[in-house]
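Dropping input.cif in here (mmCIF, C-alpha atoms and all ligand atoms; chains and numbers go by the auth columns):
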data_target
#
loop_
_atom_site.group_PDB
_atom_site.id
_atom_site.type_symbol
_atom_site.label_atom_id
_atom_site.label_comp_id
_atom_site.label_asym_id
_atom_site.label_seq_id
_atom_site.Cartn_x
_atom_site.Cartn_y
_atom_site.Cartn_z
_atom_site.B_iso_or_equiv
_atom_site.auth_seq_id
_atom_site.auth_asym_id
ATOM 1 C CA MET A 1 7.620 14.769 8.661 0.00 1 G
ATOM 2 C CA ARG A 2 9.269 13.450 11.815 0.00 2 G
ATOM 3 C CA ILE A 3 7.662 10.789 14.012 0.00 3 G
ATOM 4 C CA ASN A 4 9.235 10.079 17.417 0.00 4 G
ATOM 5 C CA VAL A 5 8.383 6.841 19.208 0.00 5 G
ATOM 6 C CA VAL A 6 8.970 6.511 22.951 0.00 6 G
ATOM 7 C CA THR A 7 9.132 2.824 23.919 0.00 7 G
ATOM 8 C CA ILE A 8 10.934 0.314 26.123 0.00 8 G
ATOM 9 C CA PHE A 9 11.210 -1.942 23.027 0.00 9 G
ATOM 10 C CA PRO A 10 12.874 0.116 20.257 0.00 10 G
ATOM 11 C CA GLU A 11 14.180 -3.115 18.635 0.00 11 G
ATOM 12 C CA TYR A 12 10.583 -4.235 18.116 0.00 12 G
ATOM 13 C CA PHE A 13 10.231 -1.627 15.329 0.00 13 G
ATOM 14 C CA ALA A 14 13.240 -2.512 13.157 0.00 14 G
ATOM 15 C CA SER A 15 11.651 -4.859 10.626 0.00 15 G
ATOM 16 C CA PRO A 16 8.189 -3.256 10.197 0.00 16 G
ATOM 17 C CA LEU A 17 9.738 0.204 9.761 0.00 17 G
ATOM 18 C CA ALA A 18 12.211 -1.056 7.141 0.00 18 G
ATOM 19 C CA ALA A 19 9.532 -2.830 5.097 0.00 19 G
ATOM 20 C CA SER A 20 7.026 -1.583 2.560 0.00 20 G
ATOM 21 C CA LEU A 21 6.199 2.048 1.803 0.00 21 G
ATOM 22 C CA VAL A 22 7.169 3.106 5.336 0.00 22 G
ATOM 23 C CA GLY A 23 10.752 2.010 4.637 0.00 23 G
ATOM 24 C CA ARG A 24 10.703 3.656 1.218 0.00 24 G
ATOM 25 C CA ALA A 25 9.325 6.940 2.607 0.00 25 G
ATOM 26 C CA GLN A 26 12.287 7.133 4.998 0.00 26 G
ATOM 27 C CA VAL A 27 14.852 6.376 2.289 0.00 27 G
ATOM 28 C CA ASP A 28 13.197 9.020 0.091 0.00 28 G
ATOM 29 C CA GLY A 29 13.482 11.620 2.874 0.00 29 G
ATOM 30 C CA LEU A 30 9.708 12.071 3.207 0.00 30 G
ATOM 31 C CA LEU A 31 9.598 10.609 6.700 0.00 31 G
ATOM 32 C CA ASP A 32 12.066 10.512 9.598 0.00 32 G
ATOM 33 C CA ILE A 33 11.251 8.057 12.392 0.00 33 G
ATOM 34 C CA VAL A 34 13.257 8.463 15.601 0.00 34 G
ATOM 35 C CA LEU A 35 13.083 5.734 18.250 0.00 35 G
ATOM 36 C CA HIS A 36 13.590 6.836 21.857 0.00 36 G
ATOM 37 C CA ASP A 37 14.481 4.091 24.340 0.00 37 G
ATOM 38 C CA LEU A 38 12.580 4.879 27.541 0.00 38 G
ATOM 39 C CA ARG A 39 14.838 2.477 29.462 0.00 39 G
ATOM 40 C CA GLN A 40 17.729 4.927 28.930 0.00 40 G
ATOM 41 C CA HIS A 41 15.875 7.255 31.277 0.00 41 G
ATOM 42 C CA GLY A 42 15.097 4.489 33.810 0.00 42 G
ATOM 43 C CA LYS A 43 15.922 4.938 37.497 0.00 43 G
ATOM 44 C CA GLY A 44 18.776 3.246 39.344 0.00 44 G
ATOM 45 C CA THR A 45 21.040 0.374 38.348 0.00 45 G
ATOM 46 C CA HIS A 46 18.007 -1.576 37.064 0.00 46 G
ATOM 47 C CA ARG A 47 16.886 1.342 34.869 0.00 47 G
ATOM 48 C CA GLN A 48 13.445 1.008 36.395 0.00 48 G
ATOM 49 C CA VAL A 49 10.545 2.536 34.468 0.00 49 G
ATOM 50 C CA ASP A 50 7.589 1.150 36.465 0.00 50 G
ATOM 51 C CA ASP A 51 6.573 1.015 40.110 0.00 51 G
ATOM 52 C CA ALA A 52 3.744 -0.212 42.357 0.00 52 G
ATOM 53 C CA PRO A 53 0.564 1.889 42.367 0.00 53 G
ATOM 54 C CA PHE A 54 -0.187 4.335 45.193 0.00 54 G
ATOM 55 C CA GLY A 55 -3.320 3.109 46.970 0.00 55 G
ATOM 56 C CA GLY A 56 -2.383 -0.525 46.322 0.00 56 G
ATOM 57 C CA GLY A 57 -3.725 -2.995 43.817 0.00 57 G
ATOM 58 C CA ALA A 58 -2.430 -5.345 41.170 0.00 58 G
ATOM 59 C CA GLY A 59 0.054 -4.513 38.447 0.00 59 G
ATOM 60 C CA MET A 60 2.600 -1.799 37.903 0.00 60 G
ATOM 61 C CA VAL A 61 2.395 1.823 36.807 0.00 61 G
ATOM 62 C CA MET A 62 4.775 3.613 34.428 0.00 62 G
ATOM 63 C CA MET A 63 6.775 6.156 36.460 0.00 63 G
ATOM 64 C CA ILE A 64 6.623 9.863 35.644 0.00 64 G
ATOM 65 C CA GLU A 65 10.369 10.638 35.833 0.00 65 G
ATOM 66 C CA PRO A 66 11.643 8.487 32.914 0.00 66 G
ATOM 67 C CA LEU A 67 8.713 9.645 30.772 0.00 67 G
ATOM 68 C CA ALA A 68 9.301 13.305 31.658 0.00 68 G
ATOM 69 C CA ASP A 69 13.015 12.989 30.830 0.00 69 G
ATOM 70 C CA ALA A 70 12.182 11.359 27.485 0.00 70 G
ATOM 71 C CA LEU A 71 9.384 13.809 26.626 0.00 71 G
ATOM 72 C CA ASP A 72 10.852 17.151 27.744 0.00 72 G
ATOM 73 C CA PRO A 73 13.110 17.439 24.655 0.00 73 G
ATOM 74 C CA LEU A 74 10.064 16.613 22.461 0.00 74 G
ATOM 75 C CA GLU A 75 7.855 19.350 23.908 0.00 75 G
ATOM 76 C CA SER A 76 7.524 21.188 20.590 0.00 76 G
ATOM 77 C CA SER A 77 5.991 18.093 18.943 0.00 77 G
ATOM 78 C CA HIS A 78 2.396 16.846 19.177 0.00 78 G
ATOM 79 C CA ARG A 79 2.588 14.161 21.878 0.00 79 G
ATOM 80 C CA VAL A 80 0.170 11.230 21.691 0.00 80 G
ATOM 81 C CA LEU A 81 -0.216 8.460 24.254 0.00 81 G
ATOM 82 C CA LEU A 82 -1.512 5.086 23.014 0.00 82 G
ATOM 83 C CA ALA A 83 -3.709 3.405 25.587 0.00 83 G
ATOM 84 C CA PRO A 84 -7.010 1.487 25.752 0.00 84 G
ATOM 85 C CA ALA A 85 -8.539 4.332 27.788 0.00 85 G
ATOM 86 C CA GLY A 86 -7.843 6.894 25.031 0.00 86 G
ATOM 87 C CA LYS A 87 -10.269 8.525 22.634 0.00 87 G
ATOM 88 C CA PRO A 88 -10.986 6.196 19.673 0.00 88 G
ATOM 89 C CA LEU A 89 -8.703 6.808 16.678 0.00 89 G
ATOM 90 C CA GLU A 90 -10.516 7.805 13.474 0.00 90 G
ATOM 91 C CA GLN A 91 -9.400 8.518 9.914 0.00 91 G
ATOM 92 C CA GLY A 92 -9.859 12.232 10.616 0.00 92 G
ATOM 93 C CA THR A 93 -7.338 11.987 13.458 0.00 93 G
ATOM 94 C CA LEU A 94 -4.747 10.563 11.031 0.00 94 G
ATOM 95 C CA ASP A 95 -5.559 13.262 8.428 0.00 95 G
ATOM 96 C CA ARG A 96 -4.896 15.910 11.094 0.00 96 G
ATOM 97 C CA TRP A 97 -1.617 14.324 12.272 0.00 97 G
ATOM 98 C CA ALA A 98 -0.313 13.816 8.711 0.00 98 G
ATOM 99 C CA ALA A 99 -0.261 17.617 8.326 0.00 99 G
ATOM 100 C CA LEU A 100 2.103 18.063 11.317 0.00 100 G
ATOM 101 C CA ASP A 101 5.865 18.634 11.167 0.00 101 G
ATOM 102 C CA GLU A 102 6.513 16.441 14.198 0.00 102 G
ATOM 103 C CA LEU A 103 4.445 13.801 15.976 0.00 103 G
ATOM 104 C CA THR A 104 5.469 11.842 19.088 0.00 104 G
ATOM 105 C CA LEU A 105 3.920 8.452 19.898 0.00 105 G
ATOM 106 C CA VAL A 106 4.281 7.245 23.480 0.00 106 G
ATOM 107 C CA CYS A 107 3.827 3.508 23.953 0.00 107 G
ATOM 108 C CA GLY A 108 2.097 2.773 27.259 0.00 108 G
ATOM 109 C CA ARG A 109 2.615 -0.541 29.091 0.00 109 G
ATOM 110 C CA TYR A 110 1.794 -2.290 32.354 0.00 110 G
ATOM 111 C CA GLU A 111 -1.518 -1.402 34.015 0.00 111 G
ATOM 112 C CA GLY A 112 -1.163 2.231 33.013 0.00 112 G
ATOM 113 C CA ILE A 113 0.932 5.350 33.356 0.00 113 G
ATOM 114 C CA ASP A 114 1.132 7.890 36.171 0.00 114 G
ATOM 115 C CA GLU A 115 -1.824 10.159 35.366 0.00 115 G
ATOM 116 C CA ARG A 116 0.337 13.277 35.781 0.00 116 G
ATOM 117 C CA VAL A 117 2.085 12.308 32.524 0.00 117 G
ATOM 118 C CA ALA A 118 -1.214 12.349 30.617 0.00 118 G
ATOM 119 C CA GLU A 119 -2.222 15.568 32.342 0.00 119 G
ATOM 120 C CA HIS A 120 0.960 17.612 31.819 0.00 120 G
ATOM 121 C CA LEU A 121 3.181 15.985 29.188 0.00 121 G
ATOM 122 C CA ILE A 122 0.708 14.564 26.654 0.00 122 G
ATOM 123 C CA ASP A 123 -1.487 16.439 24.161 0.00 123 G
ATOM 124 C CA GLU A 124 -3.845 13.605 23.223 0.00 124 G
ATOM 125 C CA GLU A 125 -4.586 10.098 24.522 0.00 125 G
ATOM 126 C CA VAL A 126 -5.782 7.734 21.809 0.00 126 G
ATOM 127 C CA SER A 127 -7.010 4.121 21.560 0.00 127 G
ATOM 128 C CA ILE A 128 -6.930 1.993 18.390 0.00 128 G
ATOM 129 C CA GLY A 129 -9.823 -0.179 19.587 0.00 129 G
ATOM 130 C CA ASP A 130 -11.703 -1.711 22.482 0.00 130 G
ATOM 131 C CA TYR A 131 -9.253 -4.453 23.384 0.00 131 G
ATOM 132 C CA VAL A 132 -6.104 -4.613 25.480 0.00 132 G
ATOM 133 C CA LEU A 133 -2.590 -5.227 24.137 0.00 133 G
ATOM 134 C CA LEU A 134 0.579 -5.782 26.148 0.00 134 G
ATOM 135 C CA GLY A 135 1.899 -2.377 25.116 0.00 135 G
ATOM 136 C CA GLY A 136 1.293 0.496 22.731 0.00 136 G
ATOM 137 C CA GLU A 137 3.924 -0.601 20.162 0.00 137 G
ATOM 138 C CA VAL A 138 1.461 -2.228 17.750 0.00 138 G
ATOM 139 C CA ALA A 139 -0.816 0.794 18.060 0.00 139 G
ATOM 140 C CA ALA A 140 2.153 3.072 17.250 0.00 140 G
ATOM 141 C CA LEU A 141 2.906 1.012 14.126 0.00 141 G
ATOM 142 C CA ALA A 142 -0.723 1.228 13.034 0.00 142 G
ATOM 143 C CA ILE A 143 -0.579 5.011 13.361 0.00 143 G
ATOM 144 C CA ILE A 144 2.764 5.241 11.535 0.00 144 G
ATOM 145 C CA GLU A 145 1.257 3.320 8.588 0.00 145 G
ATOM 146 C CA GLY A 146 -1.954 5.338 8.628 0.00 146 G
ATOM 147 C CA VAL A 147 -0.056 8.641 8.646 0.00 147 G
ATOM 148 C CA THR A 148 2.665 7.597 6.171 0.00 148 G
ATOM 149 C CA ARG A 149 0.237 6.739 3.376 0.00 149 G
ATOM 150 C CA LEU A 150 -1.172 10.286 3.627 0.00 150 G
ATOM 151 C CA LEU A 151 2.208 12.019 3.181 0.00 151 G
ATOM 152 C CA PRO A 152 2.612 13.675 -0.236 0.00 152 G
ATOM 153 C CA GLY A 153 4.679 11.481 -2.580 0.00 153 G
ATOM 154 C CA VAL A 154 4.395 8.230 -0.603 0.00 154 G
ATOM 155 C CA VAL A 155 1.538 6.582 -2.523 0.00 155 G
ATOM 156 C CA GLY A 156 1.860 6.807 -6.313 0.00 156 G
ATOM 157 C CA ASN A 157 -1.780 7.396 -7.221 0.00 157 G
ATOM 158 C CA PRO A 158 -3.359 10.193 -5.096 0.00 158 G
ATOM 159 C CA GLU A 159 -6.794 8.668 -5.874 0.00 159 G
ATOM 160 C CA SER A 160 -5.988 5.634 -3.764 0.00 160 G
ATOM 161 C CA VAL A 161 -4.964 7.876 -0.867 0.00 161 G
ATOM 162 C CA MET A 162 -8.586 8.810 -0.278 0.00 162 G
ATOM 163 C CA SER A 163 -9.928 7.270 2.898 0.00 163 G
ATOM 164 C CA GLU A 164 -11.082 4.316 0.787 0.00 164 G
ATOM 165 C CA SER A 165 -13.224 2.458 3.252 0.00 165 G
ATOM 166 C CA PHE A 166 -14.820 5.694 4.353 0.00 166 G
ATOM 167 C CA ARG A 167 -15.852 7.251 1.060 0.00 167 G
ATOM 168 C CA ASP A 168 -19.307 8.815 1.697 0.00 168 G
ATOM 169 C CA GLY A 169 -18.909 7.482 5.253 0.00 169 G
ATOM 170 C CA LEU A 170 -19.607 3.962 3.948 0.00 170 G
ATOM 171 C CA LEU A 171 -17.549 0.767 3.748 0.00 171 G
ATOM 172 C CA GLU A 172 -15.985 -0.226 0.434 0.00 172 G
ATOM 173 C CA GLU A 173 -17.759 -2.418 -2.101 0.00 173 G
ATOM 174 C CA PRO A 174 -16.354 -5.935 -2.779 0.00 174 G
ATOM 175 C CA HIS A 175 -13.592 -6.209 -5.398 0.00 175 G
ATOM 176 C CA TYR A 176 -12.774 -8.986 -7.878 0.00 176 G
ATOM 177 C CA THR A 177 -10.042 -9.761 -10.376 0.00 177 G
ATOM 178 C CA ARG A 178 -9.245 -12.593 -12.819 0.00 178 G
ATOM 179 C CA PRO A 179 -10.142 -15.402 -13.209 0.00 179 G
ATOM 180 C CA ALA A 180 -13.887 -14.776 -13.665 0.00 180 G
ATOM 181 C CA GLU A 181 -14.526 -18.300 -12.367 0.00 181 G
ATOM 182 C CA PHE A 182 -12.492 -20.257 -9.777 0.00 182 G
ATOM 183 C CA ARG A 183 -13.727 -23.606 -8.379 0.00 183 G
ATOM 184 C CA GLY A 184 -17.139 -22.628 -9.671 0.00 184 G
ATOM 185 C CA TRP A 185 -17.087 -19.418 -7.629 0.00 185 G
ATOM 186 C CA VAL A 186 -18.135 -16.704 -10.023 0.00 186 G
ATOM 187 C CA VAL A 187 -17.664 -12.958 -10.168 0.00 187 G
ATOM 188 C CA PRO A 188 -20.927 -10.920 -10.152 0.00 188 G
ATOM 189 C CA GLU A 189 -22.082 -10.742 -13.758 0.00 189 G
ATOM 190 C CA VAL A 190 -22.621 -6.971 -13.767 0.00 190 G
ATOM 191 C CA LEU A 191 -18.854 -6.402 -13.371 0.00 191 G
ATOM 192 C CA LEU A 192 -18.225 -8.261 -16.656 0.00 192 G
ATOM 193 C CA SER A 193 -21.026 -6.455 -18.518 0.00 193 G
ATOM 194 C CA GLY A 194 -19.019 -3.395 -19.583 0.00 194 G
ATOM 195 C CA ASP A 195 -21.961 -1.166 -18.554 0.00 195 G
ATOM 196 C CA HIS A 196 -20.241 1.435 -16.347 0.00 196 G
ATOM 197 C CA GLY A 197 -23.534 3.001 -15.268 0.00 197 G
ATOM 198 C CA LYS A 198 -24.784 -0.366 -14.003 0.00 198 G
ATOM 199 C CA VAL A 199 -21.406 -1.088 -12.360 0.00 199 G
ATOM 200 C CA ASP A 200 -21.452 2.217 -10.462 0.00 200 G
ATOM 201 C CA GLU A 201 -25.030 1.569 -9.360 0.00 201 G
ATOM 202 C CA TRP A 202 -24.152 -1.957 -8.153 0.00 202 G
ATOM 203 C CA ARG A 203 -21.110 -0.696 -6.218 0.00 203 G
ATOM 204 C CA ALA A 204 -23.182 1.984 -4.479 0.00 204 G
ATOM 205 C CA GLU A 205 -25.778 -0.641 -3.477 0.00 205 G
ATOM 206 C CA GLN A 206 -23.061 -2.954 -2.163 0.00 206 G
ATOM 207 C CA ARG A 207 -21.447 -0.178 -0.070 0.00 207 G
ATOM 208 C CA GLU A 208 -24.823 0.628 1.436 0.00 208 G
ATOM 209 C CA LYS A 209 -25.758 -3.022 2.134 0.00 209 G
ATOM 210 C CA ARG A 210 -22.369 -3.869 3.670 0.00 210 G
ATOM 211 C CA THR A 211 -22.415 -0.857 5.906 0.00 211 G
ATOM 212 C CA ARG A 212 -25.958 -1.618 7.096 0.00 212 G
ATOM 213 C CA GLU A 213 -24.970 -5.224 7.894 0.00 213 G
ATOM 214 C CA ARG A 214 -21.476 -4.743 9.316 0.00 214 G
ATOM 215 C CA ARG A 215 -21.313 -1.190 10.613 0.00 215 G
ATOM 216 C CA PRO A 216 -24.801 0.174 11.338 0.00 216 G
ATOM 217 C CA ASP A 217 -23.068 2.660 13.669 0.00 217 G
ATOM 218 C CA LEU A 218 -21.712 4.455 10.564 0.00 218 G
ATOM 219 C CA ILE A 219 -25.248 5.159 9.310 0.00 219 G
ATOM 220 C CA GLU A 220 -26.864 8.068 11.158 0.00 220 G
ATOM 221 C CA ASP A 221 -30.632 7.520 10.696 0.00 221 G
HETATM 222 C C1 LIG B . -4.261 0.956 22.524 0.00 301 G
HETATM 223 N N1 LIG B . -6.170 0.045 22.103 0.00 301 G
HETATM 224 C C2 LIG B . -5.569 -0.776 22.957 0.00 301 G
HETATM 225 C C3 LIG B . -1.681 -1.390 27.466 0.00 301 G
HETATM 226 C C4 LIG B . -1.765 0.109 29.334 0.00 301 G
HETATM 227 C C5 LIG B . -0.718 3.166 29.524 0.00 301 G
HETATM 228 O O1 LIG B . -1.536 2.460 28.973 0.00 301 G
HETATM 229 C C6 LIG B . -1.504 1.189 28.509 0.00 301 G
HETATM 230 C C7 LIG B . -1.320 0.968 27.152 0.00 301 G
HETATM 231 C C8 LIG B . -1.388 -0.315 26.635 0.00 301 G
HETATM 232 C C9 LIG B . -1.177 -0.532 25.193 0.00 301 G
HETATM 233 O O2 LIG B . -2.182 -0.014 24.359 0.00 301 G
HETATM 234 C C10 LIG B . -3.316 -0.777 24.148 0.00 301 G
HETATM 235 C C11 LIG B . -4.335 -0.208 23.237 0.00 301 G
HETATM 236 N N2 LIG B . -5.417 1.066 21.856 0.00 301 G
HETATM 237 O O3 LIG B . -3.476 -1.844 24.702 0.00 301 G
HETATM 238 C C12 LIG B . -1.865 -1.178 28.821 0.00 301 G
#
Before we go any further, please render this structure as structure tokens.
Amino acid sequence: MRINVVTIFPEYFASPLAASLVGRAQVDGLLDIVLHDLRQHGKGTHRQVDDAPFGGGAGMVMMIEPLADALDPLESSHRVLLAPAGKPLEQGTLDRWAALDELTLVCGRYEGIDERVAEHLIDEEVSIGDYVLLGGEVAALAIIEGVTRLLPGVVGNPESVMSESFRDGLLEEPHYTRPAEFRGWVVPEVLLSGDHGKVDEWRAEQREKRTRERRPDLIED
């Protein structure tokens, strides 16, 4: 799979893309990440990529021309804009994108982008949460990680590739490992019992309880 990233900060990606399974996936030829420096398409001697908004107001707007020049050669890919005003990203979105040959992530900045970009040059506008970042670069990295772990051959055990936290649409149960006691903090006894039926039952209860407490929005009723 190829993932293009359009950004004014290509250097920002060097270390996170070299590390961990994302770095390995590239070395193994499972993933090809291409960084596109938007500034290269900037206007004038200052390589300008933003301008004041029509109608007035605070802040700057990303200009259409540099974005069009960067995106035109990527027209055959699925083009995604990262922005707080996008549709919320879900695991299903990542599942869908991981099946593509080529995905393009466009990192928004400033107060926003010229709406004609979203209208004519972008296939999907997506948000990674209800908060505002300085730019879409962190959101792009989150998506790269979420997609990479779904690519065949990237994660050793296919069982752990399941959308763990979202099994049965519920959050994961708590996990524990050795030692069984640390500073007097003990592991739930049932997990040491060796009774797999009881363990399964306990885990199901915990998933249910956690979801009710932390994410009632995930439970329909
Ligand atoms: C993405 N949740 C938050 C910041 C404007 C063009 O749009 C803009 C994009 C950003 C960066 O993205 C986010 C974000 N998902 O802040 C301002």
Open item on the list: Let me make sure I understand: among G:Arg109, G:His175, G:Arg116, G:Lys198, which one has the smallest atom-to-atom distance to Leu38 of chain G if we use only C-alpha atoms?
Closed with: G:Arg109
Task: Length of the atom CA of Ala18 of chain G to atom CA of Ala142 of chain G vector [Å] - done: 14.4 Å
Open item on the list: With distances taken over only C-alpha atoms and all ligand atoms, which residue among G:Met62, G:Leu150, G:Leu74, G:Leu67 lies nearest ligand LIG 301 (chain G)?
Closed with: G:Met62
Selection as a PDB file with C-alpha atoms, in the coordinates of the input: residues within 12 Å of ligand LIG 301 (chain G) by only C-alpha atoms and all ligand atoms:
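Result saved to out-v6.pdb:
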ATOM      1  CA  THR G   7       9.132   2.824  23.919  1.00  0.00           C
ATOM      2  CA  ASP G  50       7.589   1.150  36.465  1.00  0.00           C
ATOM      3  CA  GLY G  59       0.054  -4.513  38.447  1.00  0.00           C
ATOM      4  CA  MET G  60       2.600  -1.799  37.903  1.00  0.00           C
ATOM      5  CA  VAL G  61       2.395   1.823  36.807  1.00  0.00           C
ATOM      6  CA  MET G  62       4.775   3.613  34.428  1.00  0.00           C
ATOM      7  CA  MET G  63       6.775   6.156  36.460  1.00  0.00           C
ATOM      8  CA  ILE G  64       6.623   9.863  35.644  1.00  0.00           C
ATOM      9  CA  LEU G  67       8.713   9.645  30.772  1.00  0.00           C
ATOM     10  CA  VAL G  80       0.170  11.230  21.691  1.00  0.00           C
ATOM     11  CA  LEU G  81      -0.216   8.460  24.254  1.00  0.00           C
ATOM     12  CA  LEU G  82      -1.512   5.086  23.014  1.00  0.00           C
ATOM     13  CA  ALA G  83      -3.709   3.405  25.587  1.00  0.00           C
ATOM     14  CA  PRO G  84      -7.010   1.487  25.752  1.00  0.00           C
ATOM     15  CA  ALA G  85      -8.539   4.332  27.788  1.00  0.00           C
ATOM     16  CA  GLY G  86      -7.843   6.894  25.031  1.00  0.00           C
ATOM     17  CA  LYS G  87     -10.269   8.525  22.634  1.00  0.00           C
ATOM     18  CA  PRO G  88     -10.986   6.196  19.673  1.00  0.00           C
ATOM     19  CA  LEU G  89      -8.703   6.808  16.678  1.00  0.00           C
ATOM     20  CA  GLU G  90     -10.516   7.805  13.474  1.00  0.00           C
ATOM     21  CA  LEU G 105       3.920   8.452  19.898  1.00  0.00           C
ATOM     22  CA  VAL G 106       4.281   7.245  23.480  1.00  0.00           C
ATOM     23  CA  CYS G 107       3.827   3.508  23.953  1.00  0.00           C
ATOM     24  CA  GLY G 108       2.097   2.773  27.259  1.00  0.00           C
ATOM     25  CA  ARG G 109       2.615  -0.541  29.091  1.00  0.00           C
ATOM     26  CA  TYR G 110       1.794  -2.290  32.354  1.00  0.00           C
ATOM     27  CA  GLU G 111      -1.518  -1.402  34.015  1.00  0.00           C
ATOM     28  CA  GLY G 112      -1.163   2.231  33.013  1.00  0.00           C
ATOM     29  CA  ILE G 113       0.932   5.350  33.356  1.00  0.00           C
ATOM     30  CA  ASP G 114       1.132   7.890  36.171  1.00  0.00           C
ATOM     31  CA  GLU G 115      -1.824  10.159  35.366  1.00  0.00           C
ATOM     32  CA  ARG G 116       0.337  13.277  35.781  1.00  0.00           C
ATOM     33  CA  VAL G 117       2.085  12.308  32.524  1.00  0.00           C
ATOM     34  CA  ALA G 118      -1.214  12.349  30.617  1.00  0.00           C
ATOM     35  CA  ILE G 122       0.708  14.564  26.654  1.00  0.00           C
ATOM     36  CA  GLU G 125      -4.586  10.098  24.522  1.00  0.00           C
ATOM     37  CA  VAL G 126      -5.782   7.734  21.809  1.00  0.00           C
ATOM     38  CA  SER G 127      -7.010   4.121  21.560  1.00  0.00           C
ATOM     39  CA  ILE G 128      -6.930   1.993  18.390  1.00  0.00           C
ATOM     40  CA  GLY G 129      -9.823  -0.179  19.587  1.00  0.00           C
ATOM     41  CA  ASP G 130     -11.703  -1.711  22.482  1.00  0.00           C
ATOM     42  CA  TYR G 131      -9.253  -4.453  23.384  1.00  0.00           C
ATOM     43  CA  VAL G 132      -6.104  -4.613  25.480  1.00  0.00           C
ATOM     44  CA  LEU G 133      -2.590  -5.227  24.137  1.00  0.00           C
ATOM     45  CA  LEU G 134       0.579  -5.782  26.148  1.00  0.00           C
ATOM     46  CA  GLY G 135       1.899  -2.377  25.116  1.00  0.00           C
ATOM     47  CA  GLY G 136       1.293   0.496  22.731  1.00  0.00           C
ATOM     48  CA  GLU G 137       3.924  -0.601  20.162  1.00  0.00           C
ATOM     49  CA  VAL G 138       1.461  -2.228  17.750  1.00  0.00           C
ATOM     50  CA  ALA G 139      -0.816   0.794  18.060  1.00  0.00           C
ATOM     51  CA  ALA G 140       2.153   3.072  17.250  1.00  0.00           C
ATOM     52  CA  LEU G 141       2.906   1.012  14.126  1.00  0.00           C
ATOM     53  CA  ALA G 142      -0.723   1.228  13.034  1.00  0.00           C
ATOM     54  CA  ILE G 143      -0.579   5.011  13.361  1.00  0.00           C
TER      55      ILE G 143
END
- [ ] Have a look at atom CA of Asn4 of chain G and atom CA of Glu102 of chain G and let me know their distance in Å, one decimal.
- [x] 7.6 Å
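Our summary of the geometry notes that atom CA of Thr177 of chain G is positioned 23.5 Å from atom CA of Leu21 of chain G.
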Open item on the list: Calculated over only C-alpha atoms, which of the candidates G:Asp123, G:Glu11, G:Glu213, G:Asp51 has the smallest distance to His78 of chain G?
Closed with: G:Asp123
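Nearest to Pro16 of chain G of all the residues G:Glu145, G:Glu124, G:Asp28, G:Glu201 is G:Glu145, counting all atoms listed in the file.
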- [ ] Check what the PyMOL selection byres (((chain G and resi 71) around 9) and not hetatm) selects in the file above and give those residues as a VMD selection string.
- [x] chain G and resid 6 66 to 70 72 to 75 79 104 106 121 to 122
